[in-house]
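Trainee: Below: one structure in structure tokens.
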Amino acid sequence: MNNEEGQAAGPSNEFIELEPGSEWRFELEADENIAVRVHTADPIYINSSEIPRSTWYPLHRYLKSALYGPSGGRLEVSALPGSQYSSTTTSQPALVSLHLALERQRILARRHIAGSDAPAYDAPVTRGPRVMVLGPPNSGKTTVVKNLVNMALGSGMGWSPGVIGLDPSSPSNLIPGSLSLSTPVHPIPTHHLAHPLGSPPGSVAANTLSGDVSTMGWWYGHVEPSTKGMDLWMKVVDEMAGRWKERCDKDPNAMASGLIMDTSSAFAVPTLGTRKTEPKSRYSLVLHAAEAFEIETLLVIGNEKLSIDLSRLLPALNIIRLPKSSGVVDRDEPLRETEHTQIIRSYFYGEPALPKEIDILLGKMVHPDHSLSPYSFQIGWETLTILRVGEENAAPTSALPLGSARTLSRTKLSRVDPAGPAHVVRLLNTVLAVVAINKGDWTGAERKRKVKEEVEEAVKVECVKEEGAEGGGEGEGGDEGEQGEGEDEEDEDEVPYKEEIGWREVLGFIVITAIDTQRKKYTILSPSPGKLPSTVAIAGSIEWVDSA
């Protein structure tokens, strides 16, 4: 240790010597916040993102990860966590080999797009790799995705791979219940549980490059895909695939960079999504997503049976088996709930501030603080239209006339009545996805109503100009208007919008924190001040209570 290191090191700091090709693994508890610092010239990585030398790198509570030193190295730790150890058994070499194969495909695709001739012994490669990562629960799928993305971003080739998040229980960029498509351009660091693949842009500039990852989001509204919600799921995935295709058509670099897809553990369930009309179909989620995004490679982690089944179902695709890392931590239900809470809180309040025990450390510090100031306001029940997808109550089939059948769309929109029974409404602390509404989204009845309002408004303006000369006529007109309004109110529970808004890209998320039944107002928590970009929102089953 040189003099500079000795002066900067605190009295309680510990040093760890990493052997070449080994990992230092740690599991932080609720009261543990630490920082690490590299003291050697050899690089040390966390999820394939290099830790800056001689700079404190904060690691927040509940985080469970590993630091990898391909050539060994020396680490300084502000305080040793209760659960930590070093291991020479690592899956990093296998990930590096896979990255090199993907990198070769990206380079050949870039040459083809640029018009360069491919070598005679090579088949033409027209686009970058498209990889879907699959595996059972707690197999490390998101960690593998993050490593592959960071390797591509850290190669110095200027790639911007698409990151497809199809795991609503552990979303890569947004909040639980959402699906995302992001295009990071800088290696993504690892500091805390929230946003493992970078946070979306906020209303203020981020202090870290990972804080402004271009992200598009869609709302599924539940933490796991289900057979009941399969119609909505497939429409959302198709919409995402269409937007990615548009991006590739316009951006040659995106086409050459390819995409990496993170999936839910439900993808490994063979019978999920099986319809009554096709009882023998298996792995519907995998087949649909692979076709929509034109996947070429399936990376299966720690499940031999899954890889064998998929190789039979999809013989034209490359099926690669990757062993499960021995450092993967099983996440129980309380830890998942804590993760969900931190993810939603980070969406509204930004990245967590540095804990006191880390902020007092001497020396340079990687400062991931990206705090936001959410905005709370009230809005009337009649102003904010809240919808649900595929949850319309219907009479049982036995109550229908003989010989008739009920035909209901599984993606039909239903309006939520806040004055209804509490066990049916379920709006308090509910997360809502705000969606944009255009004139073309109105149904025929709503379009007529809008036109009628515009005509009535024009008539009122003309009447005011006449200075009340025709007062009697106004009274008659008022009666007619009331009668017409009553006619419209006959179908007031009918949703005036097309079903397509149920799987449209969302503008953002809000939370209902209080409901005033007497004044008929919601109290809304929004990530930014000002008017909502739209007064139509979709509810799901995701709830959040700000208990911090």
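Every chain in the structure tokens has a letter given in the order shown (A, B, ...), and although residue numbers restart at 1 in each chain, ligands are simply numbered from 1 in the order shown.
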May I have a table of the residues of stretch 176-289 of chain A lying at most 9 Å from stretch 91-111 of chain A, giving each one's closest pair of atoms and their distance in Å to one decimal, counting only C-alpha atoms, ordered by chain and ascending residue number, as CSV?
Mentor:
```
residue,atom,partner,partner_atom,distance
A:Pro252,CA,A:Arg110,CA,7.8
A:Asn253,CA,A:Arg110,CA,7.4
A:Met255,CA,A:Ala109,CA,8.0
A:Ala256,CA,A:Ala109,CA,5.2
A:Ser257,CA,A:Arg106,CA,5.7
A:Gly258,CA,A:Arg106,CA,7.3
```
Trainee: So that I have them on file, write out the residues from the current selection with C-alpha atoms, as a compact mmCIF listing (two decimals), in the first residue's frame.
Mentor:
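File produced: selection-v1.txt:
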```
# COMPACT_ATOMS: atom_id res chain seq x y z
CA PRO A 252 -28.79 1.08 -39.33
CA ASN A 253 -26.80 1.01 -36.08
CA MET A 255 -30.20 -3.05 -36.93
CA ALA A 256 -26.54 -4.07 -36.61
CA SER A 257 -26.51 -3.92 -32.79
CA GLY A 258 -29.33 -6.43 -32.44
```
Trainee: I'd like the contact shell of A:Thr271 - 12 Å cut-off, only C-alpha atoms, skipping same-chain residues fewer than 6 positions apart - returned as a VMD selection string.
Mentor: chain A and resid 226 to 227 278 to 286
Trainee: Mind dumping the selected residues with N, CA, C and O atoms as an mmCIF file, in the first residue's frame?
Mentor:
```cif
data_model
loop_
_atom_site.group_PDB
_atom_site.id
_atom_site.type_symbol
_atom_site.label_atom_id
_atom_site.label_comp_id
_atom_site.auth_asym_id
_atom_site.auth_seq_id
_atom_site.Cartn_x
_atom_site.Cartn_y
_atom_site.Cartn_z
ATOM 1 N N SER A 226 -50.569 -14.383 -17.481
ATOM 2 C CA SER A 226 -51.494 -15.462 -17.142
ATOM 3 C C SER A 226 -52.265 -15.873 -18.389
ATOM 4 O O SER A 226 -52.334 -15.134 -19.377
ATOM 5 N N THR A 227 -52.872 -17.046 -18.327
ATOM 6 C CA THR A 227 -53.665 -17.525 -19.457
ATOM 7 C C THR A 227 -54.864 -16.613 -19.701
ATOM 8 O O THR A 227 -55.229 -16.341 -20.853
ATOM 9 N N GLU A 278 -56.513 -25.203 -28.741
ATOM 10 C CA GLU A 278 -55.233 -25.838 -29.063
ATOM 11 C C GLU A 278 -54.654 -26.453 -27.784
ATOM 12 O O GLU A 278 -53.663 -25.965 -27.237
ATOM 13 N N PRO A 279 -55.245 -27.515 -27.267
ATOM 14 C CA PRO A 279 -54.824 -28.047 -25.964
ATOM 15 C C PRO A 279 -53.420 -28.637 -25.957
ATOM 16 O O PRO A 279 -52.822 -28.790 -24.893
ATOM 17 N N LYS A 280 -52.887 -28.962 -27.119
ATOM 18 C CA LYS A 280 -51.562 -29.589 -27.164
ATOM 19 C C LYS A 280 -50.433 -28.591 -27.411
ATOM 20 O O LYS A 280 -49.266 -28.979 -27.469
ATOM 21 N N SER A 281 -50.768 -27.340 -27.566
ATOM 22 C CA SER A 281 -49.718 -26.348 -27.791
ATOM 23 C C SER A 281 -48.911 -26.139 -26.507
ATOM 24 O O SER A 281 -49.447 -26.188 -25.403
ATOM 25 N N ARG A 282 -47.622 -25.887 -26.658
ATOM 26 C CA ARG A 282 -46.723 -25.732 -25.510
ATOM 27 C C ARG A 282 -45.824 -24.516 -25.737
ATOM 28 O O ARG A 282 -45.519 -24.157 -26.867
ATOM 29 N N TYR A 283 -45.432 -23.909 -24.613
ATOM 30 C CA TYR A 283 -44.534 -22.758 -24.610
ATOM 31 C C TYR A 283 -45.046 -21.648 -25.534
ATOM 32 O O TYR A 283 -44.322 -21.129 -26.385
ATOM 33 N N SER A 284 -46.310 -21.276 -25.344
ATOM 34 C CA SER A 284 -46.923 -20.261 -26.207
ATOM 35 C C SER A 284 -46.226 -18.907 -26.079
ATOM 36 O O SER A 284 -46.091 -18.180 -27.069
ATOM 37 N N LEU A 285 -45.793 -18.564 -24.865
ATOM 38 C CA LEU A 285 -45.120 -17.278 -24.669
ATOM 39 C C LEU A 285 -43.823 -17.209 -25.463
ATOM 40 O O LEU A 285 -43.523 -16.197 -26.101
ATOM 41 N N VAL A 286 -43.061 -18.288 -25.424
ATOM 42 C CA VAL A 286 -41.782 -18.316 -26.149
ATOM 43 C C VAL A 286 -42.019 -18.250 -27.647
ATOM 44 O O VAL A 286 -41.373 -17.468 -28.364
#
```
Trainee: Take atom CA of A:Arg331 and atom CA of A:Pro189 and report the distance between them in Å, one decimal.
Mentor: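 Taking atom CA of A:Arg331 and atom CA of A:Pro189, their separation equals 21.1 Å.
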Trainee: For atom CA of A:Lys356 and atom CA of A:Arg74, quote the distance in Å rounded to one decimal.
Mentor: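 These two atoms are separated by 24.8 Å.
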Trainee: Might you pull out every residue within 12 Å of A:Leu427, with only C-alpha atoms counted and same-chain residues fewer than 5 positions away left off, and present them as a compact mmCIF listing (two decimals) with N, CA, C and O atoms, in the first residue's frame?
Mentor:
```
# COMPACT_ATOMS: atom_id res chain seq x y z
N TRP A 381 -63.34 13.22 -10.16
CA TRP A 381 -63.68 11.92 -10.71
C TRP A 381 -64.12 12.03 -12.16
O TRP A 381 -63.81 11.15 -12.98
N ILE A 386 -60.76 6.38 -15.60
CA ILE A 386 -59.95 5.21 -15.25
C ILE A 386 -60.59 3.96 -15.86
O ILE A 386 -61.79 3.71 -15.68
N LEU A 387 -59.79 3.21 -16.59
CA LEU A 387 -60.27 2.02 -17.29
C LEU A 387 -59.52 0.78 -16.82
O LEU A 387 -58.41 0.87 -16.28
N ARG A 388 -60.12 -0.35 -17.04
CA ARG A 388 -59.45 -1.65 -16.88
C ARG A 388 -59.61 -2.44 -18.17
O ARG A 388 -60.56 -2.22 -18.91
N VAL A 416 -64.03 2.21 -14.59
CA VAL A 416 -64.04 2.01 -13.15
C VAL A 416 -64.88 3.10 -12.51
O VAL A 416 -64.60 4.29 -12.69
N ASP A 417 -65.91 2.70 -11.79
CA ASP A 417 -66.77 3.65 -11.09
C ASP A 417 -66.26 3.82 -9.67
O ASP A 417 -66.37 2.90 -8.85
N PRO A 418 -65.68 4.97 -9.32
CA PRO A 418 -65.11 5.14 -7.97
C PRO A 418 -66.16 5.11 -6.88
O PRO A 418 -65.81 4.94 -5.70
N ALA A 419 -67.44 5.28 -7.22
CA ALA A 419 -68.49 5.24 -6.22
C ALA A 419 -68.99 3.82 -5.96
O ALA A 419 -69.87 3.62 -5.11
N GLY A 420 -68.45 2.84 -6.67
CA GLY A 420 -68.89 1.46 -6.50
C GLY A 420 -68.34 0.85 -5.23
O GLY A 420 -67.61 1.48 -4.45
N PRO A 421 -68.67 -0.42 -4.96
CA PRO A 421 -68.16 -1.10 -3.76
C PRO A 421 -66.64 -1.13 -3.74
O PRO A 421 -65.99 -1.30 -4.76
N ALA A 422 -66.07 -0.96 -2.55
CA ALA A 422 -64.62 -0.87 -2.42
C ALA A 422 -63.92 -2.13 -2.89
O ALA A 422 -62.84 -2.08 -3.48
N LEU A 432 -51.51 3.74 -11.90
CA LEU A 432 -52.22 3.92 -13.15
C LEU A 432 -51.24 4.27 -14.26
O LEU A 432 -50.28 5.01 -14.04
N ILE A 510 -48.88 7.24 -12.65
CA ILE A 510 -49.31 8.01 -11.49
C ILE A 510 -49.86 7.04 -10.45
O ILE A 510 -50.14 5.87 -10.76
N VAL A 511 -50.04 7.52 -9.22
CA VAL A 511 -50.57 6.70 -8.14
C VAL A 511 -51.69 7.47 -7.45
O VAL A 511 -51.56 8.66 -7.18
N ILE A 512 -52.79 6.78 -7.17
CA ILE A 512 -53.87 7.37 -6.38
C ILE A 512 -53.55 7.19 -4.90
O ILE A 512 -53.56 6.06 -4.40
N THR A 513 -53.25 8.27 -4.21
CA THR A 513 -52.85 8.19 -2.80
C THR A 513 -54.02 8.43 -1.85
O THR A 513 -53.91 8.12 -0.67
N ALA A 514 -55.12 9.02 -2.33
CA ALA A 514 -56.28 9.25 -1.47
C ALA A 514 -57.51 9.44 -2.35
O ALA A 514 -57.41 9.84 -3.50
N ILE A 515 -58.70 9.13 -1.78
CA ILE A 515 -59.97 9.29 -2.48
C ILE A 515 -60.93 10.03 -1.56
O ILE A 515 -61.22 9.56 -0.45
N ASP A 516 -61.41 11.18 -2.00
CA ASP A 516 -62.38 11.97 -1.24
C ASP A 516 -63.76 11.69 -1.83
O ASP A 516 -64.13 12.21 -2.90
N TYR A 522 -59.86 12.62 -6.57
CA TYR A 522 -58.71 11.77 -6.30
C TYR A 522 -57.53 12.67 -5.89
O TYR A 522 -57.40 13.80 -6.37
N THR A 523 -56.66 12.15 -5.03
CA THR A 523 -55.35 12.77 -4.80
C THR A 523 -54.33 11.94 -5.55
O THR A 523 -54.20 10.73 -5.31
N ILE A 524 -53.61 12.59 -6.45
CA ILE A 524 -52.71 11.90 -7.38
C ILE A 524 -51.26 12.26 -7.08
O ILE A 524 -50.94 13.43 -6.80
N ALA A 537 -56.51 6.94 -18.00
CA ALA A 537 -55.50 6.07 -17.38
C ALA A 537 -56.05 4.66 -17.25
O ALA A 537 -57.26 4.45 -17.15
N ILE A 538 -55.13 3.70 -17.26
CA ILE A 538 -55.50 2.28 -17.18
C ILE A 538 -54.97 1.71 -15.87
O ILE A 538 -53.80 1.89 -15.52
N ALA A 539 -55.85 1.04 -15.14
CA ALA A 539 -55.49 0.42 -13.87
C ALA A 539 -55.21 -1.06 -14.07
O ALA A 539 -55.69 -1.69 -15.01
N GLY A 540 -54.41 -1.61 -13.15
CA GLY A 540 -54.12 -3.04 -13.14
C GLY A 540 -54.22 -3.55 -11.72
O GLY A 540 -55.06 -3.10 -10.94
N SER A 541 -53.35 -4.46 -11.36
CA SER A 541 -53.34 -5.01 -10.00
C SER A 541 -52.15 -4.53 -9.19
O SER A 541 -51.93 -5.01 -8.08
N ILE A 542 -51.37 -3.58 -9.72
CA ILE A 542 -50.18 -3.09 -9.03
C ILE A 542 -50.57 -1.99 -8.06
O ILE A 542 -51.23 -1.01 -8.43
N GLU A 543 -50.16 -2.14 -6.79
CA GLU A 543 -50.42 -1.14 -5.77
C GLU A 543 -49.11 -0.75 -5.09
O GLU A 543 -48.15 -1.53 -5.06
N TRP A 544 -49.08 0.47 -4.56
CA TRP A 544 -47.88 0.95 -3.88
C TRP A 544 -48.26 1.95 -2.80
O TRP A 544 -49.06 2.86 -3.04
```
Trainee: How many Å lie between atom CA of A:Lys520 and atom CA of A:Asn429, rounded to one decimal?
Mentor: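 Atom-to-atom, atom CA of A:Lys520 to atom CA of A:Asn429, that is 16.3 Å.
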Trainee: Run DSSP on the backbone and tell me which residues of stretch 188-243 of chain A come out as strand (DSSP E); list them as a PyMOL selection string.
Mentor: chain A and resi 215-219
Trainee: With C-alpha atoms retained, could you export that selection as a PDB file, in the first residue's frame?
Mentor:
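Result written to result.pdb:
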```pdb
ATOM      1  CA  THR A 215     -37.056   3.893 -22.754  1.00  0.00           C
ATOM      2  CA  MET A 216     -40.488   3.116 -24.165  1.00  0.00           C
ATOM      3  CA  GLY A 217     -43.045   1.475 -21.895  1.00  0.00           C
ATOM      4  CA  TRP A 218     -46.238  -0.556 -22.216  1.00  0.00           C
ATOM      5  CA  TRP A 219     -48.679  -1.489 -19.475  1.00  0.00           C
TER       6      TRP A 219
END
```
